[in-house]
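Text of entry.csv (CSV, C-alpha atoms) as supplied:
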```
chain,number,residue,atom,x,y,z
A,1,MET,CA,5.3,-42.8,21.6
A,2,ARG,CA,3.3,-43.6,18.5
A,3,SER,CA,-0.1,-42.6,19.9
A,4,TYR,CA,1.5,-39.4,21.2
A,5,ARG,CA,2.6,-38.6,17.7
A,6,ILE,CA,-0.9,-39.3,16.2
A,7,LYS,CA,-2.5,-37.1,18.9
A,8,ARG,CA,-0.2,-34.3,18.0
A,9,ILE,CA,-1.0,-34.6,14.3
A,10,LEU,CA,-4.7,-34.6,15.1
A,11,LEU,CA,-4.4,-31.5,17.3
A,12,VAL,CA,-2.6,-29.6,14.5
A,13,LEU,CA,-5.3,-30.7,12.0
A,14,LEU,CA,-8.0,-29.5,14.4
A,15,LEU,CA,-6.4,-26.1,14.9
A,16,VAL,CA,-6.0,-25.7,11.1
A,17,CYS,CA,-9.7,-26.5,10.6
A,18,VAL,CA,-11.0,-24.3,13.4
A,19,GLN,CA,-8.9,-21.2,12.6
A,20,PRO,CA,-10.8,-20.1,9.4
A,21,ALA,CA,-14.1,-20.4,11.2
A,22,LEU,CA,-12.8,-18.2,14.0
A,23,ALA,CA,-11.4,-15.7,11.6
A,24,ALA,CA,-14.6,-15.5,9.7
A,25,GLU,CA,-16.5,-14.9,12.9
A,26,THR,CA,-14.3,-12.1,14.1
A,27,VAL,CA,-14.7,-10.3,10.8
A,28,VAL,CA,-18.4,-10.6,11.0
A,29,THR,CA,-18.6,-9.3,14.5
A,30,LYS,CA,-16.3,-6.4,13.7
A,31,GLU,CA,-18.4,-5.3,10.8
A,32,ALA,CA,-21.6,-6.1,12.6
A,33,GLN,CA,-23.4,-2.9,12.2
A,34,PRO,CA,-26.3,-4.4,10.3
A,35,ASN,CA,-27.7,-1.7,8.2
A,36,ALA,CA,-31.4,-1.9,8.9
A,37,GLU,CA,-32.2,0.0,5.8
A,38,ASP,CA,-30.7,-2.5,3.4
A,39,PRO,CA,-29.1,-5.8,4.4
A,40,ALA,CA,-28.5,-6.7,0.8
A,41,ILE,CA,-26.2,-3.7,0.2
A,42,GLU,CA,-24.5,-4.4,3.5
A,43,ALA,CA,-23.8,-8.0,2.4
A,44,ARG,CA,-22.5,-6.8,-0.9
A,45,LEU,CA,-20.3,-4.2,0.8
A,46,ILE,CA,-18.8,-6.8,3.2
A,47,ASN,CA,-18.2,-9.2,0.3
A,48,LEU,CA,-16.5,-6.6,-1.8
A,49,ALA,CA,-14.5,-5.0,1.0
A,50,GLU,CA,-13.0,-8.4,2.0
A,51,ASP,CA,-10.9,-8.2,-1.1
A,52,LEU,CA,-9.9,-4.5,-0.6
A,53,ARG,CA,-7.0,-3.3,1.5
A,54,CYS,CA,-7.3,-0.8,4.3
A,55,LEU,CA,-4.8,2.0,3.4
A,56,VAL,CA,-4.0,2.7,7.0
A,57,CYS,CA,-3.5,-0.7,8.5
A,58,GLN,CA,-2.1,-2.2,5.3
A,59,ASN,CA,-2.5,-5.8,6.2
A,60,GLU,CA,-6.2,-5.5,7.2
A,61,SER,CA,-9.1,-5.7,4.8
A,62,LEU,CA,-11.4,-2.8,4.3
A,63,ALA,CA,-14.2,-4.9,5.7
A,64,GLY,CA,-12.5,-5.7,9.0
A,65,SER,CA,-10.6,-2.5,9.8
A,66,HIS,CA,-11.5,-0.1,12.5
A,67,ALA,CA,-9.4,2.7,11.1
A,68,GLU,CA,-11.3,5.9,10.5
A,69,LEU,CA,-10.4,6.1,6.8
A,70,ALA,CA,-11.8,2.5,6.4
A,71,GLU,CA,-15.0,3.6,7.9
A,72,ASP,CA,-15.2,6.6,5.6
A,73,LEU,CA,-14.4,4.4,2.6
A,74,ARG,CA,-17.1,1.9,3.6
A,75,ARG,CA,-19.5,4.9,3.8
A,76,GLU,CA,-18.5,6.0,0.3
A,77,ILE,CA,-18.9,2.4,-1.1
A,78,ARG,CA,-22.3,2.1,0.6
A,79,GLU,CA,-23.6,5.3,-0.9
A,80,GLN,CA,-22.3,4.4,-4.3
A,81,MET,CA,-24.0,1.0,-4.1
A,82,LYS,CA,-27.2,2.7,-3.1
A,83,ALA,CA,-26.9,4.9,-6.1
A,84,GLY,CA,-27.0,1.8,-8.2
A,85,LYS,CA,-23.3,1.3,-9.1
A,86,ASN,CA,-22.1,-2.2,-9.6
A,87,ASP,CA,-19.1,-3.8,-7.9
A,88,GLY,CA,-16.8,-3.1,-10.8
A,89,GLU,CA,-17.6,0.6,-10.9
A,90,VAL,CA,-17.0,0.9,-7.1
A,91,VAL,CA,-13.6,-0.8,-7.5
A,92,ASP,CA,-12.8,1.6,-10.3
A,93,TYR,CA,-13.7,4.5,-8.1
A,94,LEU,CA,-11.2,3.3,-5.5
A,95,THR,CA,-8.3,2.3,-7.8
A,96,GLU,CA,-8.7,5.7,-9.5
A,97,ARG,CA,-7.8,7.3,-6.2
A,98,TYR,CA,-5.6,4.8,-4.4
A,99,GLY,CA,-4.1,2.8,-7.3
A,100,ASP,CA,-4.0,-1.0,-7.6
A,101,PHE,CA,-2.6,-1.1,-4.1
A,102,VAL,CA,-6.1,-1.3,-2.7
A,103,LEU,CA,-6.7,-4.5,-4.4
A,104,TYR,CA,-5.7,-7.7,-2.7
A,105,ARG,CA,-6.0,-9.4,-6.1
A,106,PRO,CA,-3.9,-7.2,-8.4
A,107,PRO,CA,-5.1,-7.2,-12.0
A,108,PHE,CA,-3.3,-9.2,-14.7
A,109,LYS,CA,-1.3,-6.7,-16.7
A,110,PRO,CA,2.3,-6.3,-18.0
A,111,VAL,CA,3.6,-5.0,-14.6
A,112,THR,CA,2.1,-7.9,-12.7
A,113,TRP,CA,2.9,-10.7,-15.2
A,114,LEU,CA,5.9,-11.8,-13.2
A,115,LEU,CA,3.8,-11.7,-10.0
A,116,TRP,CA,1.1,-14.0,-11.5
A,117,LEU,CA,3.2,-16.2,-13.6
A,118,GLY,CA,6.2,-16.4,-11.2
A,119,PRO,CA,5.0,-19.5,-9.4
A,120,VAL,CA,4.5,-21.4,-12.7
A,121,LEU,CA,7.9,-20.2,-13.8
A,122,PHE,CA,9.5,-21.5,-10.6
A,123,LEU,CA,7.7,-24.8,-10.9
A,124,GLY,CA,9.0,-25.1,-14.5
A,125,MET,CA,12.5,-24.3,-13.3
A,126,GLY,CA,12.2,-26.9,-10.6
A,127,GLY,CA,10.9,-29.4,-13.2
A,128,VAL,CA,13.9,-28.8,-15.4
A,129,ALA,CA,16.3,-29.2,-12.6
A,130,TRP,CA,14.7,-32.4,-11.5
A,131,TYR,CA,14.8,-33.8,-15.0
A,132,MET,CA,18.5,-32.9,-15.4
A,133,THR,CA,19.4,-34.5,-12.1
A,134,LEU,CA,17.6,-37.7,-13.0
A,135,ARG,CA,19.3,-37.9,-16.4
A,136,HIS,CA,22.6,-37.2,-14.9
A,137,ARG,CA,22.1,-40.0,-12.4
A,138,ARG,CA,21.1,-42.4,-15.1
A,139,VAL,CA,24.2,-41.6,-17.1
A,140,THR,CA,26.7,-41.9,-14.2
A,141,GLY,CA,24.9,-45.0,-12.9
A,142,ASN,CA,25.8,-47.0,-16.0
A,143,VAL,CA,29.6,-46.6,-15.6
A,144,PRO,CA,31.1,-50.1,-16.4
A,145,VAL,CA,32.6,-51.8,-13.4
A,146,ASP,CA,36.3,-52.1,-13.3
A,147,GLU,CA,36.8,-55.9,-12.8
A,148,LYS,CA,40.4,-55.4,-11.5
A,149,ARG,CA,39.5,-53.0,-8.8
A,150,LEU,CA,36.5,-55.2,-7.8
A,151,ALA,CA,38.9,-58.1,-7.3
A,152,THR,CA,41.2,-56.0,-5.2
A,153,ALA,CA,38.4,-55.0,-3.0
A,154,ALA,CA,37.2,-58.6,-2.5
A,155,GLN,CA,40.8,-59.6,-1.6
A,156,LEU,CA,41.0,-56.8,1.0
A,157,LEU,CA,37.8,-57.9,2.5
A,158,GLU,CA,38.9,-61.4,2.7
A,159,GLU,CA,42.2,-60.4,4.3
A,160,ASP,CA,40.3,-58.5,7.0
A,161,GLN,CA,38.4,-61.6,8.0
B,1,MET,CA,30.3,-22.7,-13.2
B,2,LYS,CA,27.5,-25.2,-12.5
B,3,ARG,CA,28.5,-25.5,-8.9
B,4,TRP,CA,28.2,-21.8,-8.4
B,5,LEU,CA,24.7,-21.5,-9.9
B,6,PRO,CA,22.8,-22.1,-6.6
B,7,LEU,CA,24.9,-19.6,-4.8
B,8,VAL,CA,24.3,-17.0,-7.5
B,9,LEU,CA,20.6,-17.6,-7.5
B,10,PHE,CA,20.6,-17.3,-3.7
B,11,LEU,CA,22.5,-14.0,-3.8
B,12,VAL,CA,20.0,-12.6,-6.4
B,13,LEU,CA,17.2,-13.6,-4.0
B,14,VAL,CA,18.9,-12.0,-1.1
B,15,GLY,CA,19.3,-8.8,-3.2
B,16,PHE,CA,15.6,-8.7,-3.8
B,17,PHE,CA,14.7,-9.2,-0.2
B,18,ALA,CA,17.2,-6.6,1.0
B,19,LYS,CA,15.8,-4.1,-1.4
B,20,GLY,CA,12.3,-4.9,-0.2
B,21,LEU,CA,13.3,-4.6,3.4
B,22,PHE,CA,14.3,-0.9,2.9
B,23,LEU,CA,11.3,0.2,0.9
B,24,ASN,CA,8.7,2.3,2.8
B,25,PRO,CA,5.3,0.6,2.6
B,26,ARG,CA,3.6,3.9,3.2
B,27,GLU,CA,5.0,5.3,-0.1
B,28,VAL,CA,2.1,4.0,-2.2
B,29,PRO,CA,2.6,5.3,-5.7
B,30,SER,CA,-0.1,7.9,-6.3
B,31,PRO,CA,-2.2,7.5,-9.5
B,32,PHE,CA,-2.6,11.3,-9.6
B,33,ILE,CA,1.0,12.1,-10.7
B,34,GLY,CA,0.8,13.7,-14.1
B,35,ARG,CA,-3.0,14.1,-13.9
B,36,THR,CA,-5.1,17.1,-13.2
B,37,ALA,CA,-5.7,17.7,-9.5
B,38,PRO,CA,-9.4,16.8,-8.7
B,39,ALA,CA,-11.6,19.9,-8.6
B,40,PHE,CA,-13.5,20.8,-5.4
B,41,THR,CA,-15.1,23.8,-3.8
B,42,LEU,CA,-14.9,24.1,0.0
B,43,PRO,CA,-15.7,26.9,2.5
B,44,LEU,CA,-12.7,28.4,4.3
B,45,VAL,CA,-11.8,28.0,7.9
B,46,GLY,CA,-12.6,31.2,9.7
B,47,ASP,CA,-14.8,32.5,6.9
B,48,ALA,CA,-17.5,30.1,5.9
B,49,ASN,CA,-18.9,32.5,3.3
B,50,ALA,CA,-15.7,32.5,1.3
B,51,SER,CA,-14.6,29.4,-0.6
B,52,PHE,CA,-11.6,27.9,-2.2
B,53,ALA,CA,-11.3,25.9,-5.5
B,54,PRO,CA,-8.0,24.6,-7.1
B,55,ALA,CA,-9.0,26.6,-10.2
B,56,ASP,CA,-8.2,29.8,-8.1
B,57,MET,CA,-4.5,28.8,-8.2
B,58,LYS,CA,-4.4,28.5,-12.1
B,59,GLY,CA,-1.1,29.9,-13.4
B,60,LYS,CA,0.7,29.4,-10.1
B,61,VAL,CA,2.8,26.5,-8.8
B,62,TRP,CA,1.4,25.7,-5.4
B,63,LEU,CA,1.4,23.1,-2.6
B,64,LEU,CA,-1.7,21.4,-1.3
B,65,ASN,CA,-0.8,20.4,2.3
B,66,VAL,CA,-3.4,18.0,3.8
B,67,TRP,CA,-3.3,18.5,7.6
B,68,ALA,CA,-5.4,18.4,10.7
B,69,PRO,CA,-5.3,20.0,14.2
B,70,TRP,CA,-5.5,16.5,15.8
B,71,CYS,CA,-2.4,15.4,13.8
B,72,VAL,CA,0.8,15.2,15.8
B,73,SER,CA,3.3,14.9,12.9
B,74,CYS,CA,1.6,18.0,11.4
B,75,ARG,CA,2.8,20.0,14.4
B,76,ARG,CA,6.3,18.7,13.7
B,77,GLU,CA,6.0,19.9,10.1
B,78,HIS,CA,4.6,23.3,11.0
B,79,PRO,CA,7.9,25.2,11.6
B,80,VAL,CA,9.2,23.9,8.2
B,81,LEU,CA,6.0,25.1,6.5
B,82,MET,CA,6.3,28.5,8.2
B,83,GLN,CA,9.8,28.8,6.9
B,84,ILE,CA,8.7,27.9,3.3
B,85,ALA,CA,5.8,30.4,3.6
B,86,ARG,CA,8.2,33.2,4.8
B,87,SER,CA,10.6,32.5,1.9
B,88,GLY,CA,7.7,33.3,-0.5
B,89,ARG,CA,8.9,30.8,-3.0
B,90,VAL,CA,5.7,28.8,-3.3
B,91,PRO,CA,2.2,29.4,-1.8
B,92,ILE,CA,0.8,26.6,0.5
B,93,VAL,CA,-2.9,25.8,0.7
B,94,GLY,CA,-3.8,23.8,3.9
B,95,LEU,CA,-6.7,21.4,3.5
B,96,ASN,CA,-8.1,21.0,7.0
B,97,TRP,CA,-9.0,17.3,6.9
B,98,LYS,CA,-11.8,15.9,9.2
B,99,ASP,CA,-11.5,18.5,11.9
B,100,LYS,CA,-14.6,17.4,13.8
B,101,GLU,CA,-13.6,19.3,16.9
B,102,ARG,CA,-13.4,22.5,15.0
B,103,GLU,CA,-10.0,23.5,16.3
B,104,ALA,CA,-8.2,24.6,13.2
B,105,GLU,CA,-9.0,28.3,13.5
B,106,ALA,CA,-7.9,28.7,17.1
B,107,LEU,CA,-4.8,26.6,16.5
B,108,LEU,CA,-3.6,28.6,13.5
B,109,GLU,CA,-4.2,31.8,15.5
B,110,ARG,CA,-2.0,30.6,18.2
B,111,THR,CA,0.8,29.1,16.2
B,112,GLY,CA,0.7,31.3,13.1
B,113,SER,CA,-0.5,30.1,9.7
B,114,PRO,CA,1.7,29.2,6.8
B,115,TYR,CA,-1.3,28.9,4.5
B,116,VAL,CA,-2.7,31.3,1.9
B,117,ALA,CA,-6.0,29.5,2.3
B,118,VAL,CA,-7.4,26.8,4.6
B,119,PRO,CA,-10.3,25.0,2.9
B,120,ASP,CA,-12.4,23.0,5.4
B,121,ASP,CA,-12.9,19.4,4.5
B,122,LEU,CA,-15.1,18.3,7.4
B,123,ASP,CA,-16.4,15.0,6.1
B,124,GLY,CA,-13.1,14.1,4.5
B,125,ARG,CA,-14.5,13.6,1.0
B,126,VAL,CA,-12.1,15.9,-0.8
B,127,GLY,CA,-9.2,14.1,0.9
B,128,ILE,CA,-10.5,10.8,-0.3
B,129,ASN,CA,-10.8,12.2,-3.8
B,130,TYR,CA,-7.1,13.0,-3.6
B,131,GLY,CA,-6.3,9.5,-2.3
B,132,VAL,CA,-5.2,10.7,1.1
B,133,THR,CA,-4.4,7.9,3.5
B,134,GLY,CA,-3.3,10.0,6.5
B,135,THR,CA,-2.1,13.4,7.4
B,136,PRO,CA,0.2,15.1,6.6
B,137,GLU,CA,0.4,14.6,2.8
B,138,THR,CA,1.6,17.3,0.4
B,139,TYR,CA,0.9,17.6,-3.3
B,140,LEU,CA,2.9,19.8,-5.6
B,141,ILE,CA,0.7,21.2,-8.3
B,142,ASP,CA,1.9,23.1,-11.4
B,143,ARG,CA,0.7,26.1,-13.3
B,144,ALA,CA,-1.7,24.0,-15.5
B,145,GLY,CA,-3.2,22.4,-12.4
B,146,ILE,CA,-1.4,19.0,-12.8
B,147,VAL,CA,-0.1,17.1,-9.8
B,148,ARG,CA,3.7,16.8,-10.2
B,149,MET,CA,4.6,15.1,-6.9
B,150,LYS,CA,3.1,13.7,-3.7
B,151,HIS,CA,4.9,13.4,-0.4
B,152,VAL,CA,3.5,11.2,2.4
B,153,GLY,CA,4.5,12.2,5.9
B,154,PRO,CA,5.8,15.4,7.4
B,155,ILE,CA,8.1,17.7,5.4
B,156,SER,CA,11.5,18.1,7.1
B,157,ASN,CA,14.3,20.3,5.9
B,158,GLU,CA,15.9,17.3,4.5
B,159,VAL,CA,12.8,16.2,2.6
B,160,TRP,CA,12.4,19.7,1.3
B,161,GLN,CA,16.0,19.9,0.0
B,162,LYS,CA,15.9,16.4,-1.5
B,163,ARG,CA,12.5,16.1,-3.0
B,164,PHE,CA,10.7,19.5,-3.3
B,165,ASP,CA,13.6,21.7,-4.2
B,166,PRO,CA,14.7,19.9,-7.4
B,167,LYS,CA,11.0,19.7,-8.6
B,168,LEU,CA,10.5,23.4,-8.0
B,169,ARG,CA,13.7,24.2,-9.9
B,170,GLU,CA,12.4,22.0,-12.8
B,171,LEU,CA,9.3,24.2,-12.8
B,172,GLY,CA,11.4,27.4,-12.9
B,173,LEU,CA,11.1,28.4,-9.2
```

Go ahead and render the structure in this file as structure tokens.
Amino acid sequence: MRSYRIKRILLVLLLVCVQPALAAETVVTKEAQPNAEDPAIEARLINLAEDLRCLVCQNESLAGSHAELAEDLRREIREQMKAGKNDGEVVDYLTERYGDFVLYRPPFKPVTWLLWLGPVLFLGMGGVAWYMTLRHRRVTGNVPVDEKRLATAAQLLEEDQ
Amino acid sequence: MKRWLPLVLFLVLVGFFAKGLFLNPREVPSPFIGRTAPAFTLPLVGDANASFAPADMKGKVWLLNVWAPWCVSCRREHPVLMQIARSGRVPIVGLNWKDKEREAEALLERTGSPYVAVPDDLDGRVGINYGVTGTPETYLIDRAGIVRMKHVGPISNEVWQKRFDPKLRELGL
């Protein structure tokens, strides 16, 4: 029984470890059109496009998507990189047209404050709730014992025997 | 009061999720609303020597309809566009997006054209400059050349009444 459990845990761990490796591989094979002209630009493109959203299949990255629009956008990015634009300028080009929605990491600005700080906020709320519960417990834990009722209880237990 | 707090928080959360469930993920807010429509010059379908530029429409309220012959929902939208064109209320320009098979001219001849001009965006670059994610998409552009509204997906009679009609009224049409 015990060893079965351990085996199961090991299996889960193994799957968790293997999955990212598999995922990375599929992305590479999908995008594997090594640009003979300039592998450096292609590497930059893939690196950048991993963090960009494909507008057609919205949960795919621009690097891994087969959608025609994604191909066109990769072509645009490639050409802009060849023209000497840096990553920031390429991202600006895309957000100018498609908005912050193309970014998988939205920028930190007033509209996204809640998005970025939300987790900290919730952690803080949890902490406060935890503290209050503990304090409440300490206070109620120290209620003085009513000697009379304790005696009655002992008597009842004795009678039962 | 204290006892109800978790329930209240839970209901607030449910409210947010319910709202999220009914939002359309395709309705990505366009950064062009309130900005000048990007300039371009493209040859026309059927007459490659003539060209179209948004500046040609200065002083008019007009619709830029991004469509393609290979696009199925565009065919569904076609009769509605024909109706709008017949009413003469607002001119429609039909950007022919990525028509690699070169079918637009024959198709429009067969079905009738609701467009005053059909610029030919073969490599799709102009569409990308407008932030097009798929056909059909329609932009409402005002007399000063500023984008006032964008609609993603086919225009139905209902969409026309609900979204376009009020905006056109606002612009005095």

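From atom CA of Gly15 of chain B back to atom CA of Gly127 of chain A, the distance works out to 24.4 Å.
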
Within 7 Å of chain A, which residues belong to chain B? Use all atoms listed in the file and report them as a VMD selection string.
chain B and resid 30 to 31 129 to 131 133

*Mind checking which residues fall within 7 Å of Asn157 of chain B, counting all atoms listed in the file, ignoring those fewer than 3 positions away in the same chain, and posting them as a PyMOL selection string?*
chain B and resi 80+160-161

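Picture a line from atom CA of Glu50 of chain A to atom CA of Leu62 of chain A; it runs 6.3 Å.
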
At most 12 Å from (-14.3, 32.7, 8.3), file frame, only C-alpha atoms: which residues, as a PyMOL selection string?
chain B and resi 42-52+104-106+117-120

- Task: Work out how far apart atom CA of Pro154 of chain B and atom CA of Arg53 of chain A are and give it in Å to one decimal.
- Result: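 Result for atom CA of Pro154 of chain B versus atom CA of Arg53 of chain A: 23.4 Å, one decimal.
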
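With distances taken over all atoms listed in the file, B:Gly127 is the one residue among B:Gly127, B:Pro79, B:Pro6, B:Pro114 lying closest to Ala37 of chain B.
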
Review point. Leaving out Asn96 of chain B and any residue of its chain fewer than 2 positions from it, which residues lie within 7 Å of it when counting only C-alpha atoms, given as a list in words?
Key: Val66, Trp67, Ala68, Gly94, Lys98, Asp99, Val118, Pro119, Asp120 and Asp121 of chain B

- Please identify all polymer residues within 9 Å of Lys167 of chain B, counting all atoms listed in the file, omitting same-chain residues fewer than 5 positions from it, and present them as a PyMOL selection string. chain B and resi 140+148-149+172-173

The residue from B:Lys150, B:Asn65, B:Pro38, B:Leu81 with the smallest atom-to-atom distance to Ala53 of chain B, counting all atoms listed in the file, is B:Pro38
